[in-house]
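**Student:** Supplied in structure tokens, the structure appears directly below.
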Amino acid sequence: MAGNSFMTPAIMLAVLLLISPKIYAGHDYRDALRKSILFFEGQRSGKLPPDQRLKWRHDSALRDGSSAGVDLTGGYYDAGDNVKFGFPMAFTTTMMSWSVIDFGKTMGPELGNAVKAIKWGTDYLMKATQIPGVVFVQVGDAYSDHNCWERPEDMDTLRTVYKIDKDHPGSEVAGETAAALAAASIVFEKRDPTYSKMLLDRAARVFAFAQKYRGAYSDSLYQAVCPFYCDFNGYEDELLWGAAWLHKASKRRVYREFIVKNQFILKAGDTIHEFGWDNKHAGINVLISKMVLMGKADYFQSFTRNADEFICSLLPGISHPQVQYSQGGLLVKSGGSNMQHVTSLSFLLLTYSNYLSHANKVVQCGDFTASPALLRQVAKRQVDYILGDNPMKMSYMVGYGPRFPQMIHHRGSSVPSVVDHPGRIGCKDGSRYFLSPNPNPNLLIGAVVGGPNVTDDFPDSRPYFQLTEPTTYINAPLLGLLGYFSSRS
């Protein structure tokens with residue numbers, strides 16, 4: 001991976017433009033970290049705890065699971081609606097856990113709140129996996145929910161419960177759930193050993209189910225989960241992802257052997273430029289590469305080669321055709337809600353830079369040598385763009401900075417709270433708030449919206465949901481990024 005440093009003028013210019021933007025005021029990363037964690041309290045479902053800080057939210061969905069004879073209260077609403085989708089919720093929990101595992105020591109007083117946010121997710125995932133051979137993967141009918149604009153406290157849409165089992169497999173959502181539980185078990189290993197063991201034991205059981213009964217939940221539950229959180233990428237990556245986290249958490253040889261045996265069968269080298277709730281390939285390669293870089297797992301060398309190629313694919317000036325950079329310096333990939341790519345890919349850049357630093361390594365991208373410091377600079381440039389260093393001079397985190405989105409696509413934020421309007425606001429009665437030209441009455445502090453695209457433009461308007469809707473999986477990787485940069489500002 002080492003080599004002579006060489007950069008063509010074109011590449012140098014592109015890199016400098018993106019990592020050395022116009023002079024902006026410095027950012028308060030600690031404040032942004034606090035707010036990014038607070039956002040998750042606004043997404044909580046179920047009975048809210050006494051220490052709930054976002055006071056405009058109240059209890060909701062207290063009978064979730066009752067139609068199936070189980071308790072499925074709690075967990076998170078994924079975005080601006082009131083459905084609990086298990087696939088992105090599990091990924092969110094995995095990424096919050098990874099943030100704490102790698103960057104928890106830099107989070108200062110916010111570490112406790114980050115751990116609470118993880119536990120809110122894992123407590124629900126434990127409920128969703130309480131019956132052996134079954135994973136409850138969704139609560140709420142998305143079509144019914146999306147036909148209404150109402151706050152979760154008033155919700156009267158269908159709370160249908162969807163599950164996978166041996167006859168209706170869903171290896172991707174089960175594999176991601178296993179990864180989330182295993183990753184969280186590391187977070188709680190010293191904080192609560194009993195809970196940690198419960199998480200790890202459950203992760204192992206869910207993973208065994210995922211690999212024994214293989215299949216995509218998009219096939220088993222197509223009408224419920226598509227097109228919302230369809231598995232477009234196949235379930236193979238989640239099996240490797242789950243095994244990688246179980247290996248990291250348990251150190252058991254069986255998971256190492258599973259990875260070695262299945263890395264080609266399960267296509268570890270495919271679509272290595274992608275990472276998010278649906279595609280785990282880049283994350284798998286970066287996660288496993290740590291062991292290689294530490295000199296502990298030479299048998300995983302192929303993952304490090306993949307990770308290096310992934311890193312090169314993101315660098316300005318030499319990036320992969322699927323990766324663009326806007327004139328303002330934003331990393332852009334196709335599809336909606338671009339900030340999900342920005343935060344997750346930036347997280348991997350920062351994480352890999354730390355692994356390289358500890359191993360005294362660099363990444364060779366053809367004739368160009370990418371140092372760990374460069375990877376950190378590229379990641380920081382993306383974080384700074386989110387926080388306001390962009391052509392719109394707007395922070396894309398609600399409540400951070402002097403200018404931020406006021407009309408985000410979010411039911412609870414846009415409809416008057418039960419504090420201000422105790423009377424029920426029905427399904428269609430909320431439409432006037434959706435169409436209102438006024439700012440949302442309830443600040444969903446810390447929410448990062450889908451954000452602009454390659455043009456750097458941003459219409460602050462609820463109907464543009466791909467641009468103005470926040471999601472939990474946008475914020476989750478940001479915890480690690482903000483934790484790291486807050487300790488160095």
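We name chains A, B, ... following the order of the structure tokens; residues begin at 1 in each chain, and ligands are numbered from 1 as shown.
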Among region 72-243 of chain A, which residues carry a DSSP assignment of alpha helix (DSSP H), reported as a ChimeraX atom specification?

**Tutor:** /A:86-103,111-128,142-146,171-187,193-212,217-220,222-225,236-243

**Student:** Hey, what's within 6 Å of region 83-88 of chain A if we count only C-alpha atoms and toss same-chain stuff fewer than 6 positions away? As a PyMOL selection string, please?

**Tutor:** chain A and resi 77+137-140+173+277

**Student:** Env of Gly276 (chain A): 8 Å cut, atoms = only C-alpha atoms, seq-sep filter 2 positions within chain, self excluded. Answer as a ChimeraX atom specification.

**Tutor:** /A:91,274,278-280,340-341,344

**Student:** Can you list every residue in region 275-369 of chain A that DSSP puts in strand (DSSP E), as a PyMOL selection string?

**Tutor:** chain A and resi 324-325+331-332+363-365+368-369

**Student:** Tell me, as a CSV table (one decimal) with N, CA and C atoms, in the first residue's frame, which residues lie within 10 Å of Glu150 (chain A), counting only C-alpha atoms; anything in the same chain fewer than 3 positions away does not count.

**Tutor:**
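The resulting out34.csv:
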```
chain,number,residue,atom,x,y,z
A,81,ASP,N,-42.2,9.9,8.7
A,81,ASP,CA,-43.5,9.2,8.8
A,81,ASP,C,-43.6,8.5,10.2
A,82,ASN,N,-44.6,7.6,10.3
A,82,ASN,CA,-44.8,7.0,11.6
A,82,ASN,C,-44.8,5.4,11.5
A,145,ASP,N,-50.2,4.8,6.3
A,145,ASP,CA,-49.5,5.9,7.0
A,145,ASP,C,-49.2,7.0,6.0
A,146,HIS,N,-48.7,6.8,4.8
A,146,HIS,CA,-48.4,7.8,3.9
A,146,HIS,C,-49.6,8.5,3.3
A,147,ASN,N,-50.7,8.0,3.5
A,147,ASN,CA,-52.0,8.6,3.1
A,147,ASN,C,-52.5,9.6,4.1
A,153,GLU,N,-48.6,10.9,18.0
A,153,GLU,CA,-49.4,10.8,19.2
A,153,GLU,C,-50.9,10.6,18.8
A,154,ASP,N,-51.3,11.0,17.6
A,154,ASP,CA,-52.7,10.8,17.2
A,154,ASP,C,-52.9,9.7,16.2
A,155,MET,N,-51.9,9.0,15.9
A,155,MET,CA,-51.9,8.0,14.9
A,155,MET,C,-53.0,7.0,15.0
A,156,ASP,N,-53.8,6.9,13.9
A,156,ASP,CA,-54.9,5.9,13.9
A,156,ASP,C,-54.8,5.1,12.6
A,157,THR,N,-53.7,5.1,11.9
A,157,THR,CA,-53.5,4.3,10.7
A,157,THR,C,-53.3,2.8,11.1
A,410,HIS,N,-41.7,16.2,7.8
A,410,HIS,CA,-41.7,15.5,9.0
A,410,HIS,C,-43.1,15.7,9.7
A,411,ARG,N,-43.9,14.7,9.9
A,411,ARG,CA,-45.2,14.9,10.5
A,411,ARG,C,-45.2,15.5,11.9
A,412,GLY,N,-44.4,14.9,12.8
A,412,GLY,CA,-44.4,15.4,14.1
A,412,GLY,C,-43.9,16.8,14.3
A,414,SER,N,-44.1,19.2,11.9
A,414,SER,CA,-44.9,20.2,11.2
A,414,SER,C,-46.3,20.4,11.7
A,415,VAL,N,-46.8,19.4,12.5
A,415,VAL,CA,-48.2,19.5,13.0
A,415,VAL,C,-48.0,20.0,14.5
A,416,PRO,N,-48.9,21.0,14.9
A,416,PRO,CA,-48.8,21.5,16.3
A,416,PRO,C,-48.7,20.3,17.3
A,424,ARG,N,-57.3,16.2,19.2
A,424,ARG,CA,-56.8,15.3,18.1
A,424,ARG,C,-56.8,16.0,16.8
A,425,ILE,N,-55.8,15.8,16.0
A,425,ILE,CA,-55.7,16.3,14.6
A,425,ILE,C,-55.7,15.0,13.7
A,426,GLY,N,-56.8,14.8,13.0
A,426,GLY,CA,-57.0,13.6,12.3
A,426,GLY,C,-56.1,13.4,11.0
A,427,CYS,N,-56.3,12.3,10.4
A,427,CYS,CA,-55.5,11.9,9.2
A,427,CYS,C,-55.5,13.0,8.1
A,428,LYS,N,-56.6,13.5,7.7
A,428,LYS,CA,-56.6,14.5,6.6
A,428,LYS,C,-56.6,15.9,7.1
A,429,ASP,N,-56.9,16.0,8.4
A,429,ASP,CA,-56.8,17.4,9.0
A,429,ASP,C,-55.4,18.0,9.0
A,430,GLY,N,-54.4,17.1,9.0
A,430,GLY,CA,-53.1,17.5,9.1
A,430,GLY,C,-52.6,18.1,7.7
A,431,SER,N,-53.4,17.9,6.7
A,431,SER,CA,-52.9,18.3,5.3
A,431,SER,C,-52.6,19.8,5.3
A,433,TYR,N,-51.3,21.6,7.4
A,433,TYR,CA,-50.0,21.9,7.9
A,433,TYR,C,-48.9,21.4,7.0
A,434,PHE,N,-49.2,20.4,6.2
A,434,PHE,CA,-48.2,19.9,5.2
A,434,PHE,C,-48.1,21.0,4.1
```

**Student:** Gly295 (chain A): which residues within 9 Å, counting only C-alpha atoms, same-chain residues fewer than 4 positions away excluded, as a short mmCIF file (atom, residue, chain, number, x, y, z; two decimals) with N, CA, C and O atoms, in the first residue's frame?

**Tutor:**
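Heads up, here's the output in result.cif:
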```
data_model
loop_
_atom_site.label_atom_id
_atom_site.label_comp_id
_atom_site.auth_asym_id
_atom_site.auth_seq_id
_atom_site.Cartn_x
_atom_site.Cartn_y
_atom_site.Cartn_z
N LYS A 290 -9.41 -3.73 9.52
CA LYS A 290 -8.71 -3.33 10.75
C LYS A 290 -7.84 -4.46 11.27
O LYS A 290 -6.70 -4.24 11.69
N MET A 291 -8.37 -5.69 11.23
CA MET A 291 -7.59 -6.83 11.72
C MET A 291 -6.35 -7.07 10.87
O MET A 291 -5.29 -7.40 11.38
N ALA A 359 -1.55 1.74 11.93
CA ALA A 359 -0.69 0.74 11.27
C ALA A 359 0.45 1.39 10.50
O ALA A 359 1.27 0.69 9.90
#
```

**Student:** Within 10 Å of Val292 (chain A), counting only C-alpha atoms, which residues show up once you throw out same-chain ones fewer than 3 positions away? Write them as a list in words, please.

**Tutor:**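 Counting only the stated atoms, we get Leu287, Ile288, Ser289, Gly295, Lys296, Ala297, Asp298, Tyr299, Phe300, Gln301, Ser302, Phe303, Thr304, Tyr355 and Ala359 of chain A.
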
**Student:** Write out the residues from the selection above, keeping N, CA and C atoms, as a compact mmCIF listing (two decimals), in the first residue's frame.

**Tutor:**
```
# COMPACT_ATOMS: atom_id res chain seq x y z
N LEU A 287 -14.36 -2.65 7.93
CA LEU A 287 -14.42 -3.27 9.26
C LEU A 287 -13.42 -4.41 9.39
N ILE A 288 -13.40 -5.30 8.42
CA ILE A 288 -12.52 -6.46 8.49
C ILE A 288 -11.06 -6.06 8.28
N SER A 289 -10.83 -4.98 7.53
CA SER A 289 -9.45 -4.56 7.25
C SER A 289 -8.70 -4.15 8.50
N GLY A 295 -2.14 -6.51 11.75
CA GLY A 295 -1.28 -7.68 11.65
C GLY A 295 -1.84 -8.93 12.29
N LYS A 296 -3.16 -8.99 12.41
CA LYS A 296 -3.79 -10.11 13.12
C LYS A 296 -4.56 -11.07 12.22
N ALA A 297 -4.67 -10.77 10.93
CA ALA A 297 -5.53 -11.60 10.09
C ALA A 297 -5.11 -11.51 8.63
N ASP A 298 -3.95 -12.06 8.29
CA ASP A 298 -3.48 -12.01 6.91
C ASP A 298 -4.41 -12.73 5.94
N TYR A 299 -5.20 -13.68 6.47
CA TYR A 299 -6.12 -14.42 5.62
C TYR A 299 -7.27 -13.54 5.11
N PHE A 300 -7.36 -12.30 5.61
CA PHE A 300 -8.39 -11.37 5.16
C PHE A 300 -7.82 -10.29 4.22
N GLN A 301 -6.68 -10.55 3.60
CA GLN A 301 -6.02 -9.55 2.78
C GLN A 301 -6.91 -9.02 1.66
N SER A 302 -7.75 -9.87 1.11
CA SER A 302 -8.60 -9.43 -0.01
C SER A 302 -9.53 -8.30 0.41
N PHE A 303 -9.94 -8.30 1.68
CA PHE A 303 -10.83 -7.24 2.16
C PHE A 303 -10.10 -5.89 2.20
N THR A 304 -8.81 -5.93 2.54
CA THR A 304 -8.04 -4.69 2.57
C THR A 304 -7.83 -4.16 1.16
N TYR A 355 -7.50 3.57 11.17
CA TYR A 355 -6.87 2.25 11.09
C TYR A 355 -5.50 2.34 10.40
N ALA A 359 -1.55 1.74 11.93
CA ALA A 359 -0.69 0.74 11.27
C ALA A 359 0.45 1.39 10.50
```

**Student:** Could you make a table, as a tab-separated table, of the residues of region 118-218 of chain A that have an atom within 10 Å of an atom of region 45-51 of chain A, each with its nearest atom pair and distance in Å to one decimal, counting only C-alpha atoms, in chain and number order?

**Tutor:**
```
residue	atom	partner	partner_atom	distance
A:Trp120	CA	A:Ser45	CA	9.4
A:Tyr124	CA	A:Ser45	CA	9.8
A:Pro152	CA	A:Ser45	CA	8.1
A:Glu153	CA	A:Ser45	CA	9.3
```

**Student:** Please produce an output containing N, CA, C and O atoms for each residue in the selection, written as an mmCIF file, in the first residue's frame.

**Tutor:**
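Full text of again_31.cif as output:
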```cif
data_model
loop_
_atom_site.group_PDB
_atom_site.id
_atom_site.type_symbol
_atom_site.label_atom_id
_atom_site.label_comp_id
_atom_site.auth_asym_id
_atom_site.auth_seq_id
_atom_site.Cartn_x
_atom_site.Cartn_y
_atom_site.Cartn_z
ATOM 1 N N TRP A 120 -32.119 2.394 23.169
ATOM 2 C CA TRP A 120 -33.517 2.533 22.728
ATOM 3 C C TRP A 120 -33.760 1.670 21.491
ATOM 4 O O TRP A 120 -34.823 1.077 21.338
ATOM 5 N N TYR A 124 -35.738 -2.457 21.471
ATOM 6 C CA TYR A 124 -36.779 -2.815 20.502
ATOM 7 C C TYR A 124 -36.381 -4.040 19.692
ATOM 8 O O TYR A 124 -37.201 -4.944 19.468
ATOM 9 N N PRO A 152 -47.487 11.407 15.464
ATOM 10 C CA PRO A 152 -47.550 10.028 15.973
ATOM 11 C C PRO A 152 -48.449 9.868 17.186
ATOM 12 O O PRO A 152 -49.034 8.797 17.395
ATOM 13 N N GLU A 153 -48.602 10.909 17.973
ATOM 14 C CA GLU A 153 -49.448 10.824 19.170
ATOM 15 C C GLU A 153 -50.914 10.609 18.833
ATOM 16 O O GLU A 153 -51.674 10.087 19.662
#
```

**Student:** Rounded to one decimal in Å, what is the spacing between CA of Met198 (chain A) and CA of Tyr255 (chain A)?

**Tutor:**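 Between CA of Met198 (chain A) and CA of Tyr255 (chain A) the gap is 18.2 Å.
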
**Student:** Between A:Leu111, A:Gln377, A:Leu293, A:Asp460, which is the closest to Arg403 (chain A) once you count only C-alpha atoms?

**Tutor:**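 Among A:Leu111, A:Gln377, A:Leu293, A:Asp460, it is A:Asp460 that comes nearest to Arg403 (chain A).
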
**Student:** Extract, using only C-alpha atoms, all DNA, RNA and protein residues at most 9 Å from Ala370 (chain A), discarding same-chain residues fewer than 6 positions from it, and format them as a PyMOL selection string.

**Tutor:** chain A and resi 5+311-312+315+362-364

**Student:** Determine the nearest neighbour of Leu200 (chain A) from the options A:Arg30, A:Arg488, A:Arg214, A:Lys248, counting only C-alpha atoms.

**Tutor:**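 Smallest separation from Leu200 (chain A) among the options: A:Lys248.
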
**Student:** Which is closest to Ile37 (chain A) among A:Ser436, A:Thr160, A:Thr472, A:Ser489, if we use only C-alpha atoms?

**Tutor:** A:Thr472

**Student:** Looking at A:Pro227, A:Gly483, A:Gly133, A:Gly104, which one is nearest to Asp28 (chain A), with distances taken over only C-alpha atoms?

**Tutor:**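 That would be A:Gly483, the residue with the smallest distance to Asp28 (chain A).
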
**Student:** Calculated over only C-alpha atoms, which of the candidates A:Phe458, A:Phe404, A:Phe258, A:Phe40 has the smallest distance to Gln52 (chain A)?

**Tutor:**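 With only C-alpha atoms as the atom set, the closest residue is A:Phe40.
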
**Student:** I'd like to know which of A:Ala282, A:Asn113, A:Ala183, A:Val260 is closest to Ala90 (chain A), using only C-alpha atoms.

**Tutor:**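 Checking each of A:Ala282, A:Asn113, A:Ala183, A:Val260 against Ala90 (chain A), counting only C-alpha atoms, the winner is A:Ala183.
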